[in-house]
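Student: Structure below; questions to follow.
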Amino acid sequence: MQRIQDPTAVSTIPPVPTLTGPVGYFTGGNPSGGIPATRVRAWWLNMLMQELVGIVEAAGITPSAAGDQVLTACRAMFGGTGRLDGNGYMRLPGGVILQWGLAVSTGANTGVVFPTGFPTRSTSIVITEQNAVGWETTPKPTIYGASSQDRFGFQCRSVRISASGIPSYESGLGFNWMAIGY
């Protein structure tokens, strides 16, 4: 969406004239009923053009003659972008990124790599048990924690507590994780 480019265009936006008449909707008019058609005036077209160009520029896009810039800008500012699958992410307006995934422990420390790196930093990681089999008749809960957290991933520490209360590192424990950052 770019501003009009035409030999008759002016370089600065003209002022809006004093407005008269009712606020309402366009009509095609009715000549037999004496109702004139609504006139589309330059100030109104300039207002629409400025609104649309403003949306494009607010998304950081340079206005051009491309036909999808307003849609692209709206998606960038409000719809988020990302990858929506088992290990995915969503970029939100304002620069916040949510990431999530599934993994299986390989022992005391399991390396997890984010689907996409955070531009600045990850601020929070939450880990939950994927399949709470340790909570059956003989409780063996699992405790998870994140360490060595950076922009690209973290180490998941997983400890299973036996029925007698003894902790042990185990491999093969499925876990879900979610990270927030910007």
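Residues in the structure tokens are named by chain (A, B, ... in the order shown) and by number from 1 within that chain; ligands are numbered from 1 in the order shown.
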At a cut-off of 12 Å, using only C-alpha atoms, what residues contact segment 13-17 of chain A? Leave out same-chain residues fewer than 2 positions from it and give the result as number ranges by chain.

Tutor: A: 3-4, 9-11, 19-20, 41-47, 49-50

Student: Grab the residues selected above and save them as a CSV table (one decimal), in the first residue's frame with C-alpha atoms.

Tutor:
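Saved the output as out_32.csv:
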chain,number,residue,atom,x,y,z
A,3,ARG,CA,0.5,6.7,-1.4
A,4,ILE,CA,-1.0,7.6,-4.8
A,9,ALA,CA,-1.0,14.2,-7.1
A,10,VAL,CA,0.3,16.9,-4.6
A,11,SER,CA,3.3,16.4,-2.3
A,19,LEU,CA,-17.6,19.1,7.1
A,20,THR,CA,-21.4,19.5,6.7
A,41,ARG,CA,-14.0,13.5,-2.2
A,42,ALA,CA,-10.3,13.8,-2.2
A,43,TRP,CA,-10.0,14.5,1.6
A,44,TRP,CA,-11.9,11.2,2.3
A,45,LEU,CA,-9.7,9.2,0.0
A,46,ASN,CA,-6.6,10.8,1.6
A,47,MET,CA,-7.9,9.8,5.0
A,49,MET,CA,-4.9,6.2,2.3
A,50,GLN,CA,-3.2,7.6,5.4

Student: Please list as a PyMOL selection string every residue within 8 Å of Ser124 of chain A, counting only C-alpha atoms and excluding residues in the same chain fewer than 5 positions away.

Tutor: chain A and resi 179-181

Student: Generate a file of the selected residues that holds N, CA and C atoms, formatted as a short mmCIF file (atom, residue, chain, number, x, y, z; two decimals), in the first residue's frame.

Tutor:
data_model
loop_
_atom_site.label_atom_id
_atom_site.label_comp_id
_atom_site.auth_asym_id
_atom_site.auth_seq_id
_atom_site.Cartn_x
_atom_site.Cartn_y
_atom_site.Cartn_z
N ALA A 179 8.68 -22.16 27.13
CA ALA A 179 9.61 -21.07 27.41
C ALA A 179 9.02 -19.77 26.90
N ILE A 180 9.30 -18.70 27.64
CA ILE A 180 8.87 -17.35 27.27
C ILE A 180 10.11 -16.49 27.18
N GLY A 181 10.16 -15.65 26.19
CA GLY A 181 11.30 -14.73 26.05
C GLY A 181 11.01 -13.67 25.03
#

Student: Write out as a PyMOL selection string the residues lying within 10 Å of segment 141-145 of chain A, counting only C-alpha atoms and excluding same-chain residues fewer than 3 positions away.

Tutor: chain A and resi 109+125-129+132-136+138+154-163+165+167-170+173+175+177

Student: Among segment 3-182 of chain A, which ones does DSSP place in helix (DSSP H, G or I), written as number ranges by chain?

Tutor: A: 31-33, 42-58, 69-79, 93-95, 133-135

Student: The selected residues should be written to file as a short mmCIF file (atom, residue, chain, number, x, y, z; two decimals), in the first residue's frame (atoms: C-alpha atoms).

Tutor:
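Output file part-v5.cif follows:
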data_model
loop_
_atom_site.label_atom_id
_atom_site.label_comp_id
_atom_site.auth_asym_id
_atom_site.auth_seq_id
_atom_site.Cartn_x
_atom_site.Cartn_y
_atom_site.Cartn_z
CA PRO A 31 -32.49 10.50 -9.42
CA SER A 32 -36.26 9.96 -9.64
CA GLY A 33 -36.56 10.55 -5.89
CA ALA A 42 -10.25 13.77 -2.19
CA TRP A 43 -10.04 14.46 1.57
CA TRP A 44 -11.91 11.23 2.31
CA LEU A 45 -9.68 9.18 -0.02
CA ASN A 46 -6.60 10.79 1.57
CA MET A 47 -7.90 9.84 5.01
CA LEU A 48 -8.30 6.19 3.95
CA MET A 49 -4.89 6.16 2.28
CA GLN A 50 -3.21 7.61 5.40
CA GLU A 51 -4.91 5.03 7.65
CA LEU A 52 -3.79 2.13 5.46
CA VAL A 53 -0.24 3.43 4.97
CA GLY A 54 -0.06 3.99 8.75
CA ILE A 55 -0.85 0.33 9.39
CA VAL A 56 1.87 -0.77 6.95
CA GLU A 57 4.48 1.58 8.44
CA ALA A 58 3.58 0.61 12.04
CA GLN A 69 0.98 -5.11 2.55
CA VAL A 70 -1.97 -4.26 4.83
CA LEU A 71 -2.73 -7.95 5.36
CA THR A 72 0.96 -8.72 5.94
CA ALA A 73 1.19 -5.84 8.42
CA CYS A 74 -1.90 -6.98 10.34
CA ARG A 75 -0.59 -10.53 10.55
CA ALA A 76 2.79 -9.26 11.76
CA MET A 77 1.27 -7.02 14.45
CA PHE A 78 -1.72 -9.06 15.61
CA GLY A 79 -1.74 -12.55 14.19
CA PRO A 93 2.99 -8.50 19.05
CA GLY A 94 5.52 -6.48 21.01
CA GLY A 95 8.34 -8.98 20.49
CA VAL A 133 3.02 -42.93 35.16
CA GLY A 134 5.05 -42.33 38.31
CA TRP A 135 1.86 -41.31 40.14
#

Student: In Å, rounded to a single decimal, give me how far atom CA of Asn176 of chain A is from atom CA of Ala103 of chain A.

Tutor: 6.5 Å

Student: Report, in Å with one decimal, the straight-line distance from atom CA of Val96 of chain A to atom CA of Gly153 of chain A.

Tutor: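 Computing it gives 16.1 Å between the two atoms.
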